[in-house]
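Dropping query-v1.cif in here (mmCIF, C-alpha atoms):
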```
data_coords
#
loop_
_atom_site.label_atom_id
_atom_site.label_comp_id
_atom_site.auth_asym_id
_atom_site.auth_seq_id
_atom_site.Cartn_x
_atom_site.Cartn_y
_atom_site.Cartn_z
CA LYS A 41 89.65 84.38 71.97
CA GLN A 42 87.69 81.36 73.25
CA GLU A 43 90.76 80.01 75.04
CA VAL A 44 91.27 83.28 76.92
CA GLU A 45 87.58 83.65 77.72
CA SER A 46 87.52 80.17 79.22
CA HIS A 47 89.93 81.39 81.91
CA LEU A 48 87.98 84.57 82.70
CA GLU A 49 85.08 83.48 84.87
CA ASP A 50 83.71 86.96 85.55
CA ILE A 51 83.65 88.10 81.93
CA GLU A 52 80.86 87.18 79.60
CA PRO A 53 81.82 86.64 75.97
CA SER A 54 80.87 89.70 73.99
CA ASP A 55 81.86 91.51 70.87
CA GLY A 56 84.45 94.24 71.18
CA ILE A 57 86.52 92.85 74.07
CA PHE A 58 89.17 91.53 71.70
CA PRO A 59 89.68 94.04 68.86
CA ASP A 60 89.97 92.55 65.43
CA ASP A 61 92.56 93.55 62.86
CA ARG A 62 90.33 96.27 61.45
CA LYS A 63 90.32 98.05 64.80
CA LEU A 64 94.00 97.48 65.53
CA GLN A 65 95.17 98.66 62.13
CA PRO A 66 94.30 102.38 62.56
CA TYR A 67 95.87 102.30 66.03
CA GLY A 68 99.07 100.86 64.61
CA ASN A 69 98.99 103.38 61.77
CA LEU A 70 98.88 106.20 64.33
CA PHE A 71 102.08 105.04 66.01
CA PHE A 72 103.75 104.43 62.66
CA LEU A 73 102.89 108.00 61.65
CA LEU A 74 104.21 109.44 64.92
CA GLN A 75 107.44 107.47 64.59
CA THR A 76 108.18 108.11 60.92
CA GLU A 77 107.18 111.79 60.91
CA PRO A 78 109.03 113.22 63.94
CA ARG A 79 107.65 116.73 63.42
CA HIS A 80 104.48 115.72 65.27
CA ILE A 81 106.36 114.69 68.42
CA ALA A 82 108.63 117.73 68.08
CA ASN A 83 105.59 120.01 68.01
CA LEU A 84 104.11 118.23 71.02
CA CYS A 85 107.36 118.60 73.00
CA ARG A 86 107.24 122.36 72.50
CA HIS A 87 103.79 122.62 74.04
CA VAL A 88 103.87 120.31 77.06
CA SER A 89 104.58 121.72 80.50
CA LEU A 90 107.71 121.03 82.50
CA THR A 91 105.73 118.76 84.83
CA GLU A 92 104.52 116.63 81.92
CA ILE A 93 107.67 116.42 79.82
CA ASP A 94 109.34 113.56 81.73
CA THR A 95 106.43 111.17 81.14
CA LEU A 96 106.31 112.09 77.47
CA LEU A 97 110.06 111.67 77.05
CA GLN A 98 110.05 108.23 78.65
CA THR A 99 107.45 107.12 76.12
CA VAL A 100 109.22 108.72 73.15
CA MET A 101 112.81 107.74 73.99
CA PHE A 102 112.25 104.23 75.27
CA THR A 103 109.03 103.05 73.61
CA LEU A 104 108.29 104.90 70.39
CA TYR A 105 112.01 104.83 69.54
CA GLY A 106 112.80 101.96 71.86
CA ASN A 107 115.25 100.12 69.60
CA GLN A 108 118.21 102.12 70.86
CA TYR A 109 120.84 100.55 68.62
CA GLU A 110 118.87 100.59 65.36
CA SER A 111 120.11 103.22 62.90
CA ARG A 112 116.70 103.96 61.38
CA GLU A 113 115.05 104.78 64.70
CA GLU A 114 118.10 106.77 65.80
CA HIS A 115 117.90 108.84 62.62
CA LEU A 116 114.20 109.57 63.16
CA LEU A 117 114.77 110.51 66.79
CA LEU A 118 117.62 112.86 65.91
CA THR A 119 115.45 114.44 63.22
CA MET A 120 112.95 115.24 65.95
CA PHE A 121 115.78 116.73 68.03
CA GLN A 122 116.82 118.93 65.13
CA SER A 123 113.33 120.37 64.86
CA VAL A 124 113.05 121.04 68.60
CA LEU A 125 116.52 122.62 68.82
CA SER A 126 115.89 124.82 65.78
CA ASN A 127 112.70 126.12 67.34
CA GLN A 128 114.51 126.77 70.62
CA PHE A 129 117.15 128.88 68.88
CA GLU A 130 114.51 130.81 66.95
CA GLN A 131 112.52 131.71 70.05
CA ILE A 132 115.36 132.77 72.37
CA ASN A 133 117.19 136.00 71.61
CA ASP A 134 119.36 136.14 74.72
CA PHE A 135 122.47 134.05 74.09
CA ASN A 136 123.09 133.55 77.81
CA SER A 137 119.72 131.80 78.17
CA LEU A 138 120.30 129.22 75.45
CA LEU A 139 120.10 125.60 76.68
CA ARG A 140 120.91 126.64 80.24
CA ALA A 141 117.50 126.88 81.89
CA ASN A 142 115.57 123.83 83.05
CA THR A 143 113.18 123.59 80.10
CA PRO A 144 111.46 120.76 78.22
CA VAL A 145 114.25 121.00 75.62
CA SER A 146 117.03 120.65 78.19
CA ARG A 147 115.16 117.75 79.82
CA MET A 148 114.89 116.12 76.41
CA MET A 149 118.63 116.37 75.85
CA THR A 150 119.34 114.92 79.28
CA THR A 151 116.94 112.03 78.75
CA TYR A 152 118.55 111.24 75.40
CA THR A 153 121.91 110.70 77.09
CA ARG A 154 120.27 107.99 79.25
CA ARG A 155 119.76 105.75 76.24
CA GLY A 156 121.85 102.63 75.77
CA PRO A 157 124.71 103.99 73.63
CA GLY A 158 125.34 106.89 75.99
CA GLN A 159 125.32 104.68 79.07
CA SER A 160 127.67 102.18 77.42
CA TYR A 161 130.08 105.00 76.60
CA LEU A 162 130.10 106.30 80.18
CA LYS A 163 130.76 102.85 81.56
CA SER A 164 133.58 102.03 79.15
CA VAL A 165 135.30 105.41 79.58
CA LEU A 166 134.75 106.38 83.21
CA SER A 167 134.16 103.18 85.16
CA GLU A 168 137.79 102.15 85.61
CA ARG A 169 138.98 105.61 86.59
CA ILE A 170 136.15 106.11 89.08
CA ASN A 171 136.73 102.73 90.70
CA ASN A 172 140.46 103.39 90.98
CA LEU A 173 139.71 106.67 92.73
CA ILE A 174 137.22 105.33 95.27
CA GLU A 175 139.63 102.58 96.29
CA HIS A 176 141.48 105.28 98.25
CA LYS A 177 138.96 105.31 101.07
CA ASP A 178 141.13 107.40 103.39
CA LEU A 179 141.79 110.11 100.82
CA ASN A 180 140.65 113.48 102.19
CA LEU A 181 140.17 116.20 99.59
CA GLU A 182 137.97 118.60 101.55
CA ILE A 183 139.14 122.16 100.81
CA ASN A 184 136.54 124.08 102.82
CA PRO A 185 138.19 124.57 106.23
CA LEU A 186 134.94 125.52 107.94
CA LYS A 187 133.13 122.44 106.67
CA LYS A 188 135.99 120.28 107.80
CA LEU A 189 135.84 121.94 111.20
CA GLU A 190 132.16 121.09 111.51
CA GLU A 191 132.82 117.46 110.60
CA GLU A 192 135.76 116.74 112.87
CA ASN A 193 136.17 119.79 115.11
CA LYS A 194 139.75 120.06 113.97
CA SER A 195 141.91 121.00 110.97
CA LEU A 196 141.83 124.69 111.91
CA PRO A 197 144.40 126.23 114.23
CA GLU A 198 143.23 126.68 117.81
CA ASN A 199 143.86 130.43 117.68
CA LEU A 200 141.05 130.84 115.14
CA PRO A 201 137.58 131.38 116.61
CA ARG A 202 134.87 128.88 115.67
CA SER A 203 132.75 131.68 114.15
CA VAL A 204 135.47 132.69 111.70
CA THR A 205 134.46 133.26 108.07
CA SER A 206 135.79 131.20 105.18
CA GLU A 207 137.78 134.17 103.90
CA VAL A 208 139.56 134.72 107.22
CA ALA A 209 140.24 131.02 107.67
CA ALA A 210 141.57 130.65 104.13
CA ALA A 211 144.02 133.52 104.69
CA ASN A 212 145.60 131.74 107.66
CA PRO A 213 149.01 130.20 106.76
CA ASP A 214 148.27 126.98 108.66
CA VAL A 215 144.99 126.55 106.82
CA GLN A 216 146.69 127.24 103.50
CA ALA A 217 149.24 124.54 104.29
CA ILE A 218 146.39 122.05 104.73
CA ILE A 219 144.44 123.07 101.64
CA ALA A 220 147.22 123.66 99.10
CA PRO A 221 148.22 120.00 98.56
CA ARG A 222 144.57 118.99 98.39
CA ILE A 223 143.86 121.56 95.69
CA LYS A 224 146.86 120.31 93.75
CA MET A 225 145.63 116.72 93.98
CA LEU A 226 142.10 117.72 92.96
CA MET A 227 143.50 119.47 89.90
CA GLU A 228 145.49 116.38 88.98
CA ILE A 229 142.43 114.15 89.35
CA ALA A 230 140.24 116.53 87.33
CA ASN A 231 142.85 116.76 84.58
CA SER A 232 143.15 112.98 84.45
CA PHE A 233 139.38 112.63 83.98
CA LEU A 234 139.40 115.35 81.33
CA GLN A 235 142.26 113.71 79.44
CA THR A 236 140.47 110.36 79.55
CA ILE A 237 137.36 111.96 78.03
CA ILE A 238 139.39 113.73 75.34
CA ASP A 239 141.21 110.52 74.45
CA SER A 240 137.87 108.72 74.04
CA ILE A 241 136.37 111.12 71.50
CA ASP A 242 136.20 108.38 68.88
CA GLN A 243 134.10 106.28 71.25
CA THR A 244 131.50 109.01 71.77
CA PRO A 245 128.11 107.82 70.43
CA TYR A 246 127.11 109.24 67.08
CA GLY A 247 123.92 110.80 68.44
CA ILE A 248 125.76 112.72 71.17
CA ARG A 249 128.27 114.08 68.65
CA TRP A 250 125.47 114.92 66.23
CA ILE A 251 123.65 117.00 68.86
CA CYS A 252 126.90 118.84 69.62
CA LYS A 253 127.26 119.56 65.90
CA GLN A 254 123.70 120.88 65.72
CA ILE A 255 124.32 123.20 68.66
CA ARG A 256 127.37 124.57 66.89
CA SER A 257 125.63 125.00 63.52
CA LEU A 258 122.51 126.62 64.98
CA THR A 259 124.58 128.98 67.13
CA LYS A 260 126.71 130.15 64.20
CA ARG A 261 123.58 130.65 62.11
CA LYS A 262 121.75 132.68 64.77
CA TYR A 263 124.73 134.55 66.21
CA VAL A 264 127.06 135.25 63.30
CA ASP A 265 129.63 137.11 65.40
CA CYS A 266 129.65 134.56 68.21
CA SER A 267 133.16 133.54 69.30
CA GLU A 268 134.43 129.97 69.26
CA TYR A 269 134.78 130.13 73.03
CA ALA A 270 131.11 131.05 73.47
CA ILE A 271 130.03 128.26 71.13
CA CYS A 272 132.13 125.75 73.04
CA THR A 273 130.50 126.81 76.31
CA LEU A 274 127.11 125.83 74.87
CA ILE A 275 128.42 122.50 73.63
CA GLY A 276 130.14 121.89 76.96
CA GLY A 277 126.91 122.74 78.75
CA PHE A 278 125.32 119.77 77.02
CA PHE A 279 128.20 117.30 76.85
CA PHE A 280 129.72 117.86 80.28
CA LEU A 281 126.93 119.35 82.39
CA ARG A 282 124.11 117.07 81.23
CA PHE A 283 125.98 113.98 80.08
CA VAL A 284 129.36 113.39 81.74
CA ASN A 285 129.21 115.25 85.06
CA PRO A 286 126.15 113.46 86.51
CA ALA A 287 127.88 110.11 85.98
CA ILE A 288 131.02 111.30 87.78
CA VAL A 289 129.11 112.86 90.68
CA THR A 290 126.66 109.97 91.16
CA PRO A 291 128.41 106.88 89.72
CA GLN A 292 126.17 104.51 91.70
CA ALA A 293 123.12 105.74 89.81
CA TYR A 294 124.87 104.93 86.54
CA MET A 295 126.12 101.55 87.77
CA LEU A 296 129.74 102.61 87.28
CA VAL A 297 130.86 101.44 90.73
CA GLU A 298 131.83 97.81 91.17
#
```
For this file, write the structure as structure tokens.
Amino acid sequence: KQEVESHLEDIEPSDGIFPDDRKLQPYGNLFFLLQTEPRHIANLCRHVSLTEIDTLLQTVMFTLYGNQYESREEHLLLTMFQSVLSNQFEQINDFNSLLRANTPVSRMMTTYTRRGPGQSYLKSVLSERINNLIEHKDLNLEINPLKKLEEENKSLPENLPRSVTSEVAAANPDVQAIIAPRIKMLMEIANSFLQTIIDSIDQTPYGIRWICKQIRSLTKRKYVDCSEYAICTLIGGFFFLRFVNPAIVTPQAYMLVE
């Protein structure tokens, strides 16, 4: 204390500036309680507004449970997720609204995928394929003839007026000849990405797979007659829409591009 005070010319030594152990102990106990009893954070997440949730999640995901590769903290964090997801399923009766809207719960799931294990998975699985694709700098896969026309003032036959609709342009044989091979190539690229993801299922982080399992279990419990296809759409909404797709669409943001 004296050493620090000697370097602070504008501060007079006084009691209370440097808390002693008796004052720090209750503060530490508070954080220990919040970390080891996830129901408190889960309850808080259900009551914060959409504008406040991001700040809370940053603190919870990367500070309160900041040791992202430690099994104990991961277990506690996933326990909190289980409570929040269970409450979400109890409150929503419309199946089509589950996990699809931009809510604090969906934000929480997205933020969880940003943790270290999820980012490591994306890099190991997608980085090579993405970099191989972007090496083809001259590859043109635009399939909207009107958009292409706006970009280059070409690609559409001269006998088509510039004000033509997409439907009319797409029905033109010359336009179809341009688009057909591009659609085929896009399908091949998409299938190659999908196969890469399927082949890497054993590399998927435990927490991501656990959340998928919870979505399945909670759905079957709430909607007994729900089909496997419908359940898979919910799981895909989390795994692909909120986890994999953003990395493919914006690889620079995920540092997947060399």
Selected by the PyMOL selection byres ((chain A and resi 222) around 8) in the shown coordinates: which residues, as a ChimeraX atom specification? /A:180-183,218-221,223-226
So, with all atoms listed in the file as the atoms that count, which of A:Asn127, A:Asn133, A:Gln108, A:Ser206 lies closest to Tyr152 in chain A? A:Gln108
Between A:Phe72, A:Tyr161, A:Phe283, A:Tyr263, which is the closest to Leu296 in chain A once you count only C-alpha atoms? A:Tyr161
Suppose a student applies the PyMOL selection byres ((chain A and resi 173) around 12) to this structure; what residues should they get, written as an MDAnalysis selection string? chainID A and resid 166:172 174:181 225:226 228:230 232:233 288 291 297:298
What are the closest atom pairs, with distances in Å to one decimal, for each residue of range 71-172 of chain A lying within 9 Å of range 275-282 of chain A, using all atoms listed in the file, rows by chain and rising residue number, as a Markdown table?
```
| residue | atom | partner | partner_atom | distance |
| --- | --- | --- | --- | --- |
| A:Leu139 | CA | A:Gly277 | CA | 7.7 |
| A:Arg140 | CA | A:Gly277 | CA | 7.3 |
| A:Ser146 | CA | A:Phe278 | CA | 8.4 |
| A:Met149 | CA | A:Phe278 | CA | 7.6 |
| A:Thr150 | CA | A:Arg282 | CA | 5.6 |
| A:Thr153 | CA | A:Arg282 | CA | 7.9 |
```
12 Å contact set for Glu130 in chain A, only C-alpha atoms, chain neighbours under 4 positions out, as a ChimeraX atom specification: /A:123-126,134-135,138,258-259,261-263
Residue members of the PyMOL selection byres ((chain A and resi 75-89) around 10) in the file shown, as a ChimeraX atom specification: /A:69-74,90-94,96-97,100,104-105,112-113,115-125,127-128,143-145,148
May I ask for the distance between CA of Arg155 in chain A and CA of Asn142 in chain A, given in Å to one decimal place? 19.8 Å
Using all atoms listed in the file, which residues sit within 10 Å of Val215 in chain A once same-chain residues fewer than 2 positions away are excluded, as number ranges by chain? A: 183-185, 195-197, 208-213, 217-220
May I ask for the distance between CA of Ser111 in chain A and CA of Gly156 in chain A, given in Å to one decimal place? 13.0 Å
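Here CA of Pro286 in chain A stands at a distance of 15.4 Å from CA of Ile248 in chain A.
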Find the residue from A:Leu162, A:Leu186, A:Leu274, A:Leu64 that sits nearest to Cys252 in chain A; use only C-alpha atoms when measuring. A:Leu274
